[in-house]
>>> print(open('model01.tsv').read())   # TSV, N, CA and C atoms
chain	number	residue	atom	x	y	z
A	69	MET	N	161.31	-75.16	-186.10
A	69	MET	CA	161.92	-74.72	-187.34
A	69	MET	C	163.37	-74.35	-187.06
A	70	ILE	N	164.27	-74.87	-187.86
A	70	ILE	CA	165.69	-74.62	-187.70
A	70	ILE	C	166.07	-73.38	-188.50
A	71	HIS	N	166.85	-72.51	-187.90
A	71	HIS	CA	167.30	-71.30	-188.60
A	71	HIS	C	168.80	-71.36	-188.77
A	72	PHE	N	169.25	-71.17	-190.01
A	72	PHE	CA	170.67	-71.18	-190.32
A	72	PHE	C	171.11	-69.76	-190.66
A	73	ALA	N	172.35	-69.47	-190.41
A	73	ALA	CA	172.91	-68.18	-190.80
A	73	ALA	C	174.17	-68.45	-191.60
A	74	PHE	N	174.03	-68.48	-192.92
A	74	PHE	CA	175.15	-68.78	-193.80
A	74	PHE	C	175.75	-67.52	-194.43
A	75	LYS	N	175.42	-66.36	-193.93
A	75	LYS	CA	175.93	-65.13	-194.53
A	75	LYS	C	177.45	-65.06	-194.47
A	76	THR	N	178.03	-65.60	-193.44
A	76	THR	CA	179.49	-65.55	-193.33
A	76	THR	C	180.15	-66.57	-194.24
A	77	ILE	N	179.43	-67.63	-194.60
A	77	ILE	CA	180.01	-68.66	-195.46
A	77	ILE	C	180.08	-68.17	-196.90
A	78	ILE	N	179.01	-67.53	-197.37
A	78	ILE	CA	178.92	-67.15	-198.77
A	78	ILE	C	179.40	-65.70	-198.94
A	79	LYS	N	180.67	-65.54	-199.16
A	79	LYS	CA	181.23	-64.23	-199.45
A	79	LYS	C	181.83	-64.19	-200.85
A	80	ILE	N	181.63	-65.25	-201.62
A	80	ILE	CA	182.22	-65.34	-202.95
A	80	ILE	C	181.16	-65.03	-204.00
A	81	ASP	N	181.61	-64.57	-205.16
A	81	ASP	CA	180.69	-64.23	-206.24
A	81	ASP	C	180.28	-65.46	-207.04
A	82	PHE	N	181.19	-66.43	-207.15
A	82	PHE	CA	180.92	-67.59	-207.98
A	82	PHE	C	180.86	-68.83	-207.10
A	83	ILE	N	179.77	-69.55	-207.18
A	83	ILE	CA	179.59	-70.79	-206.44
A	83	ILE	C	179.78	-71.93	-207.43
A	84	HIS	N	180.78	-72.75	-207.19
A	84	HIS	CA	181.11	-73.80	-208.14
A	84	HIS	C	180.21	-75.01	-207.92
A	85	ILE	N	179.80	-75.63	-209.02
A	85	ILE	CA	178.90	-76.78	-208.97
A	85	ILE	C	179.55	-77.97	-208.28
A	86	LYS	N	180.84	-78.11	-208.43
A	86	LYS	CA	181.54	-79.27	-207.88
A	86	LYS	C	181.87	-79.13	-206.39
A	87	ASP	N	181.51	-78.02	-205.79
A	87	ASP	CA	181.72	-77.83	-204.36
A	87	ASP	C	180.53	-78.44	-203.61
A	88	ILE	N	180.50	-79.76	-203.56
A	88	ILE	CA	179.37	-80.51	-203.04
A	88	ILE	C	179.17	-80.28	-201.54
A	89	ASP	N	180.26	-80.15	-200.80
A	89	ASP	CA	180.15	-79.94	-199.35
A	89	ASP	C	179.40	-78.65	-199.03
A	90	LEU	N	179.66	-77.60	-199.79
A	90	LEU	CA	178.97	-76.33	-199.59
A	90	LEU	C	177.50	-76.46	-199.98
A	91	LEU	N	177.23	-77.11	-201.10
A	91	LEU	CA	175.86	-77.22	-201.59
A	91	LEU	C	175.00	-78.09	-200.67
A	92	ARG	N	175.58	-79.10	-200.05
A	92	ARG	CA	174.81	-79.99	-199.16
A	92	ARG	C	174.35	-79.27	-197.90
A	93	LYS	N	174.99	-78.19	-197.54
A	93	LYS	CA	174.56	-77.43	-196.37
A	93	LYS	C	173.22	-76.73	-196.61
A	94	PHE	N	172.84	-76.59	-197.86
A	94	PHE	CA	171.60	-75.90	-198.21
A	94	PHE	C	170.51	-76.86	-198.64
A	95	ILE	N	170.70	-78.17	-198.39
A	95	ILE	CA	169.72	-79.19	-198.76
A	95	ILE	C	169.30	-79.91	-197.49
A	96	SER	N	167.99	-80.16	-197.36
A	96	SER	CA	167.48	-80.87	-196.18
A	96	SER	C	167.77	-82.36	-196.30
A	97	ASP	N	167.38	-83.11	-195.27
A	97	ASP	CA	167.57	-84.56	-195.28
A	97	ASP	C	166.75	-85.23	-196.38
A	98	GLN	N	165.64	-84.61	-196.73
A	98	GLN	CA	164.78	-85.16	-197.78
A	98	GLN	C	165.24	-84.77	-199.18
A	99	GLY	N	166.22	-83.90	-199.28
A	99	GLY	CA	166.72	-83.48	-200.58
A	99	GLY	C	166.13	-82.16	-201.05
A	100	LYS	N	165.38	-81.49	-200.20
A	100	LYS	CA	164.78	-80.21	-200.58
A	100	LYS	C	165.75	-79.07	-200.31
A	101	ILE	N	165.68	-78.05	-201.15
A	101	ILE	CA	166.51	-76.87	-200.98
A	101	ILE	C	165.88	-75.98	-199.90
A	102	PHE	N	166.70	-75.55	-198.93
A	102	PHE	CA	166.20	-74.70	-197.87
A	102	PHE	C	165.76	-73.35	-198.45
A	103	PRO	N	164.66	-72.79	-197.95
A	103	PRO	CA	164.22	-71.48	-198.43
A	103	PRO	C	165.11	-70.36	-197.90
A	104	ARG	N	164.95	-69.21	-198.48
A	104	ARG	CA	165.78	-68.06	-198.14
A	104	ARG	C	165.57	-67.60	-196.71
A	105	ARG	N	164.38	-67.74	-196.20
A	105	ARG	CA	164.11	-67.30	-194.82
A	105	ARG	C	164.82	-68.16	-193.80
A	106	MET	N	165.18	-69.39	-194.17
A	106	MET	CA	165.91	-70.27	-193.26
A	106	MET	C	167.42	-70.09	-193.39
A	107	THR	N	167.90	-69.83	-194.60
A	107	THR	CA	169.34	-69.72	-194.80
A	107	THR	C	169.87	-68.35	-194.46
A	108	GLY	N	169.04	-67.32	-194.59
A	108	GLY	CA	169.49	-65.97	-194.29
A	108	GLY	C	170.31	-65.34	-195.39
A	109	LEU	N	170.26	-65.92	-196.60
A	109	LEU	CA	171.01	-65.38	-197.73
A	109	LEU	C	170.25	-64.26	-198.40
A	110	SER	N	170.95	-63.47	-199.19
A	110	SER	CA	170.28	-62.46	-199.99
A	110	SER	C	169.60	-63.14	-201.16
A	111	CYS	N	168.78	-62.41	-201.85
A	111	CYS	CA	168.03	-62.98	-202.98
A	111	CYS	C	168.98	-63.46	-204.07
A	112	LYS	N	169.98	-62.66	-204.37
A	112	LYS	CA	170.94	-63.01	-205.41
A	112	LYS	C	171.74	-64.26	-205.04
A	113	GLN	N	172.16	-64.35	-203.78
A	113	GLN	CA	172.92	-65.51	-203.32
A	113	GLN	C	172.05	-66.78	-203.35
A	114	GLN	N	170.78	-66.66	-202.95
A	114	GLN	CA	169.89	-67.81	-202.94
A	114	GLN	C	169.65	-68.32	-204.35
A	115	LYS	N	169.53	-67.42	-205.31
A	115	LYS	CA	169.35	-67.84	-206.70
A	115	LYS	C	170.58	-68.57	-207.22
A	116	LYS	N	171.76	-68.09	-206.85
A	116	LYS	CA	172.99	-68.76	-207.28
A	116	LYS	C	173.12	-70.15	-206.66
A	117	ILE	N	172.78	-70.26	-205.38
A	117	ILE	CA	172.83	-71.56	-204.70
A	117	ILE	C	171.83	-72.52	-205.33
A	118	THR	N	170.61	-72.06	-205.57
A	118	THR	CA	169.58	-72.91	-206.15
A	118	THR	C	169.98	-73.38	-207.53
A	119	LYS	N	170.51	-72.48	-208.33
A	119	LYS	CA	170.93	-72.84	-209.68
A	119	LYS	C	172.08	-73.85	-209.65
A	120	ALA	N	173.02	-73.65	-208.74
A	120	ALA	CA	174.15	-74.58	-208.62
A	120	ALA	C	173.69	-75.96	-208.16
A	121	ILE	N	172.74	-76.00	-207.23
A	121	ILE	CA	172.22	-77.29	-206.75
A	121	ILE	C	171.49	-78.02	-207.87
A	122	LYS	N	170.69	-77.31	-208.63
A	122	LYS	CA	169.96	-77.94	-209.73
A	122	LYS	C	170.90	-78.45	-210.81
A	123	GLN	N	171.94	-77.69	-211.12
A	123	GLN	CA	172.92	-78.15	-212.11
A	123	GLN	C	173.69	-79.35	-211.60
A	124	ALA	N	174.03	-79.37	-210.32
A	124	ALA	CA	174.73	-80.51	-209.74
A	124	ALA	C	173.85	-81.75	-209.74
A	125	ARG	N	172.56	-81.58	-209.57
A	125	ARG	CA	171.64	-82.72	-209.64
A	125	ARG	C	171.58	-83.28	-211.06
A	126	ILE	N	171.56	-82.41	-212.04
A	126	ILE	CA	171.52	-82.87	-213.43
A	126	ILE	C	172.80	-83.61	-213.80
A	127	LEU	N	173.93	-83.17	-213.27
A	127	LEU	CA	175.21	-83.83	-213.55
A	127	LEU	C	175.45	-85.03	-212.64
A	128	SER	N	174.47	-85.40	-211.84
A	128	SER	CA	174.52	-86.54	-210.92
A	128	SER	C	175.57	-86.39	-209.83
A	129	LEU	N	175.87	-85.17	-209.45
A	129	LEU	CA	176.76	-84.93	-208.33
A	129	LEU	C	176.00	-84.93	-207.01
A	130	LEU	N	174.73	-84.54	-207.08
A	130	LEU	CA	173.83	-84.56	-205.93
A	130	LEU	C	172.59	-85.37	-206.30
A	131	PRO	N	172.00	-86.08	-205.34
A	131	PRO	CA	170.79	-86.83	-205.65
A	131	PRO	C	169.56	-85.91	-205.70
A	132	PHE	N	168.59	-86.28	-206.51
A	132	PHE	CA	167.34	-85.52	-206.54
A	132	PHE	C	166.55	-85.76	-205.26
A	133	VAL	N	166.52	-87.03	-204.82
A	133	VAL	CA	165.83	-87.41	-203.59
A	133	VAL	C	166.80	-88.23	-202.77
A	134	ASN	N	166.86	-87.95	-201.49
A	134	ASN	CA	167.75	-88.68	-200.60
A	134	ASN	C	167.10	-90.02	-200.26
A	135	GLN	N	167.64	-91.10	-200.77
A	135	GLN	CA	167.07	-92.44	-200.56
A	135	GLN	C	167.21	-92.90	-199.12
A	136	GLU	N	168.22	-92.42	-198.40
A	136	GLU	CA	168.41	-92.82	-197.01
A	136	GLU	C	167.30	-92.30	-196.12
A	137	ALA	N	166.77	-91.12	-196.42
A	137	ALA	CA	165.71	-90.55	-195.61
A	137	ALA	C	164.37	-91.25	-195.86
A	138	ILE	N	164.19	-91.81	-197.05
A	138	ILE	CA	162.94	-92.47	-197.40
A	138	ILE	C	162.85	-93.83	-196.71
A	139	SER	N	163.94	-94.60	-196.74
A	139	SER	CA	163.87	-95.95	-196.18
A	139	SER	C	164.04	-96.01	-194.70
>>> encode(input="model01.tsv", output="structure tokens")
Amino acid sequence: MIHFAFKTIIKIDFIHIKDIDLLRKFISDQGKIFPRRMTGLSCKQQKKITKAIKQARILSLLPFVNQEAIS
């Protein structure tokens, strides 16, 4: 199991949907959102990240499923 520590990365109050590079750090190769125990974020930060990733998926900025990992 891989453990990430993103506490130093997320020091901002607002996470922008169009910041794709930041959001991709919280998504696995299969396109799943990493859980809070792996990212080390607080509950409030994890909710903001999850909401931003889901909105980016709806706007087609991020894929729902990573096709490269499937094939």
>>> atom_distance(input="model01.tsv", atom1="atom C of Asn134 in chain A", atom2="atom C of Gln98 in chain A")
5.7 Å
>>> atom_distance(input="model01.tsv", atom1="CA of Gly108 in chain A", atom2="CA of Ile83 in chain A")
16.5 Å
>>> atom_distance(input="model01.tsv", atom1="atom C of Phe94 in chain A", atom2="CA of Pro131 in chain A")
12.2 Å
>>> residues_around(input="model01.tsv", residues="Leu130 in chain A", least_positions_apart="5", cutoff="8 Å", atoms="all atoms listed in the file", output="VMD selection string")
chain A and resid 88 121 123 to 125
>>> write_last_selection(input="model01.tsv", atoms="N, CA and C atoms", output="PDB file, in the frame of the given file")
ATOM      1  N   ILE A  88     180.500 -79.760-203.560  1.00  0.00           N
ATOM      2  CA  ILE A  88     179.370 -80.510-203.040  1.00  0.00           C
ATOM      3  C   ILE A  88     179.170 -80.280-201.540  1.00  0.00           C
ATOM      4  N   ILE A 121     172.740 -76.000-207.230  1.00  0.00           N
ATOM      5  CA  ILE A 121     172.220 -77.290-206.750  1.00  0.00           C
ATOM      6  C   ILE A 121     171.490 -78.020-207.870  1.00  0.00           C
ATOM      7  N   GLN A 123     171.940 -77.690-211.120  1.00  0.00           N
ATOM      8  CA  GLN A 123     172.920 -78.150-212.110  1.00  0.00           C
ATOM      9  C   GLN A 123     173.690 -79.350-211.600  1.00  0.00           C
ATOM     10  N   ALA A 124     174.030 -79.370-210.320  1.00  0.00           N
ATOM     11  CA  ALA A 124     174.730 -80.510-209.740  1.00  0.00           C
ATOM     12  C   ALA A 124     173.850 -81.750-209.740  1.00  0.00           C
ATOM     13  N   ARG A 125     172.560 -81.580-209.570  1.00  0.00           N
ATOM     14  CA  ARG A 125     171.640 -82.720-209.640  1.00  0.00           C
ATOM     15  C   ARG A 125     171.580 -83.280-211.060  1.00  0.00           C
TER      16      ARG A 125
END
>>> closest_residue(input="model01.tsv", among="A:Arg92, A:Asp97, A:Cys111, A:Lys119", to="Val133 in chain A", atoms="only N, CA and C atoms")
A:Asp97
>>> select_by_dssp(input="model01.tsv", residues="range 69-135 of chain A", states="helix (DSSP H, G or I)", output="VMD selection string")
chain A and resid 88 to 92 104 to 107 111 to 126 135
>>> axis_aligned_box(input="model01.tsv", around="range 115-133 of chain A", padding_each_side="6 Å", output="AutoDock Vina command-line options")
--center_x 171.3 --center_y -77.8 --center_z -208.3 --size_x 22.9 --size_y 32.8 --size_z 23.0
>>> closest_residue(input="model01.tsv", among="A:Phe102, A:Lys112, A:Ser96, A:Ala120", to="His84 in chain A", atoms="only N, CA and C atoms")
A:Ala120
>>> decode(input="model01.tsv", residues="range 96-108 of chain A", atoms="all heavy atoms", output="mmCIF file, in the first residue's frame")
data_model
loop_
_atom_site.group_PDB
_atom_site.id
_atom_site.type_symbol
_atom_site.label_atom_id
_atom_site.label_comp_id
_atom_site.auth_asym_id
_atom_site.auth_seq_id
_atom_site.Cartn_x
_atom_site.Cartn_y
_atom_site.Cartn_z
ATOM 1 N N SER A 96 -5.909 7.459 -8.730
ATOM 2 C CA SER A 96 -5.059 6.305 -9.032
ATOM 3 C C SER A 96 -4.967 6.094 -10.540
ATOM 4 O O SER A 96 -5.592 6.796 -11.327
ATOM 5 C CB SER A 96 -5.636 5.052 -8.365
ATOM 6 O OG SER A 96 -6.844 4.687 -8.987
ATOM 7 N N ASP A 97 -4.191 5.091 -10.936
ATOM 8 C CA ASP A 97 -4.047 4.764 -12.352
ATOM 9 C C ASP A 97 -5.365 4.300 -12.962
ATOM 10 O O ASP A 97 -5.592 4.463 -14.151
ATOM 11 C CB ASP A 97 -2.998 3.671 -12.537
ATOM 12 C CG ASP A 97 -1.616 4.153 -12.163
ATOM 13 O OD1 ASP A 97 -1.397 5.382 -12.177
ATOM 14 O OD2 ASP A 97 -0.766 3.301 -11.856
ATOM 15 N N GLN A 98 -6.214 3.716 -12.140
ATOM 16 C CA GLN A 98 -7.512 3.237 -12.621
ATOM 17 C C GLN A 98 -8.565 4.333 -12.649
ATOM 18 O O GLN A 98 -9.668 4.113 -13.118
ATOM 19 C CB GLN A 98 -8.007 2.105 -11.722
ATOM 20 C CG GLN A 98 -7.099 0.902 -11.723
ATOM 21 C CD GLN A 98 -7.527 -0.128 -10.709
ATOM 22 O OE1 GLN A 98 -8.329 0.161 -9.820
ATOM 23 N NE2 GLN A 98 -6.997 -1.326 -10.821
ATOM 24 N N GLY A 99 -8.248 5.496 -12.125
ATOM 25 C CA GLY A 99 -9.194 6.603 -12.112
ATOM 26 C C GLY A 99 -9.946 6.742 -10.804
ATOM 27 O O GLY A 99 -10.869 7.554 -10.704
ATOM 28 N N LYS A 100 -9.565 5.975 -9.798
ATOM 29 C CA LYS A 100 -10.233 6.053 -8.499
ATOM 30 C C LYS A 100 -9.608 7.151 -7.645
ATOM 31 O O LYS A 100 -8.414 7.396 -7.712
ATOM 32 C CB LYS A 100 -10.109 4.721 -7.765
ATOM 33 C CG LYS A 100 -10.798 3.576 -8.460
ATOM 34 C CD LYS A 100 -10.615 2.309 -7.658
ATOM 35 C CE LYS A 100 -11.277 1.141 -8.354
ATOM 36 N NZ LYS A 100 -11.109 -0.096 -7.576
ATOM 37 N N ILE A 101 -10.430 7.778 -6.824
ATOM 38 C CA ILE A 101 -9.954 8.812 -5.912
ATOM 39 C C ILE A 101 -9.321 8.129 -4.697
ATOM 40 O O ILE A 101 -9.905 7.221 -4.112
ATOM 41 C CB ILE A 101 -11.112 9.727 -5.474
ATOM 42 C CG1 ILE A 101 -11.765 10.364 -6.688
ATOM 43 C CG2 ILE A 101 -10.624 10.790 -4.495
ATOM 44 C CD1 ILE A 101 -13.040 11.116 -6.378
ATOM 45 N N PHE A 102 -8.103 8.566 -4.334
ATOM 46 C CA PHE A 102 -7.431 7.989 -3.189
ATOM 47 C C PHE A 102 -8.205 8.311 -1.909
ATOM 48 O O PHE A 102 -8.702 9.421 -1.734
ATOM 49 C CB PHE A 102 -6.008 8.531 -3.039
ATOM 50 C CG PHE A 102 -5.041 7.993 -4.056
ATOM 51 C CD1 PHE A 102 -4.280 8.855 -4.821
ATOM 52 C CD2 PHE A 102 -4.879 6.634 -4.238
ATOM 53 C CE1 PHE A 102 -3.391 8.375 -5.749
ATOM 54 C CE2 PHE A 102 -3.984 6.139 -5.161
ATOM 55 C CZ PHE A 102 -3.239 7.011 -5.921
ATOM 56 N N PRO A 103 -8.289 7.356 -0.976
ATOM 57 C CA PRO A 103 -8.977 7.626 0.289
ATOM 58 C C PRO A 103 -8.153 8.533 1.193
ATOM 59 O O PRO A 103 -6.960 8.737 0.994
ATOM 60 C CB PRO A 103 -9.134 6.232 0.904
ATOM 61 C CG PRO A 103 -8.073 5.417 0.286
ATOM 62 C CD PRO A 103 -7.853 5.975 -1.086
ATOM 63 N N ARG A 104 -8.793 9.026 2.208
ATOM 64 C CA ARG A 104 -8.172 9.970 3.126
ATOM 65 C C ARG A 104 -7.014 9.360 3.888
ATOM 66 O O ARG A 104 -6.025 10.022 4.198
ATOM 67 C CB ARG A 104 -9.253 10.452 4.099
ATOM 68 C CG ARG A 104 -8.912 11.723 4.778
ATOM 69 C CD ARG A 104 -10.054 12.188 5.639
ATOM 70 N NE ARG A 104 -9.447 12.673 6.854
ATOM 71 C CZ ARG A 104 -9.818 12.339 8.068
ATOM 72 N NH1 ARG A 104 -10.823 11.557 8.249
ATOM 73 N NH2 ARG A 104 -9.192 12.810 9.102
ATOM 74 N N ARG A 105 -7.097 8.095 4.188
ATOM 75 C CA ARG A 105 -6.012 7.438 4.942
ATOM 76 C C ARG A 105 -4.739 7.335 4.124
ATOM 77 O O ARG A 105 -3.650 7.226 4.678
ATOM 78 C CB ARG A 105 -6.457 6.067 5.430
ATOM 79 C CG ARG A 105 -6.687 5.067 4.337
ATOM 80 C CD ARG A 105 -7.105 3.715 4.895
ATOM 81 N NE ARG A 105 -7.303 2.766 3.830
ATOM 82 C CZ ARG A 105 -8.452 2.566 3.190
ATOM 83 N NH1 ARG A 105 -9.523 3.250 3.547
ATOM 84 N NH2 ARG A 105 -8.544 1.688 2.219
ATOM 85 N N MET A 106 -4.852 7.371 2.796
ATOM 86 C CA MET A 106 -3.666 7.319 1.941
ATOM 87 C C MET A 106 -3.104 8.711 1.668
ATOM 88 O O MET A 106 -1.904 8.881 1.545
ATOM 89 C CB MET A 106 -3.992 6.636 0.617
ATOM 90 C CG MET A 106 -4.185 5.139 0.738
ATOM 91 S SD MET A 106 -4.536 4.363 -0.824
ATOM 92 C CE MET A 106 -2.998 4.585 -1.666
ATOM 93 N N THR A 107 -3.977 9.706 1.540
ATOM 94 C CA THR A 107 -3.510 11.045 1.201
ATOM 95 C C THR A 107 -3.027 11.817 2.413
ATOM 96 O O THR A 107 -2.181 12.695 2.288
ATOM 97 C CB THR A 107 -4.620 11.853 0.515
ATOM 98 O OG1 THR A 107 -5.747 11.944 1.386
ATOM 99 C CG2 THR A 107 -5.023 11.221 -0.800
ATOM 100 N N GLY A 108 -3.569 11.515 3.589
ATOM 101 C CA GLY A 108 -3.162 12.217 4.792
ATOM 102 C C GLY A 108 -3.798 13.579 4.941
ATOM 103 O O GLY A 108 -3.332 14.394 5.722
#
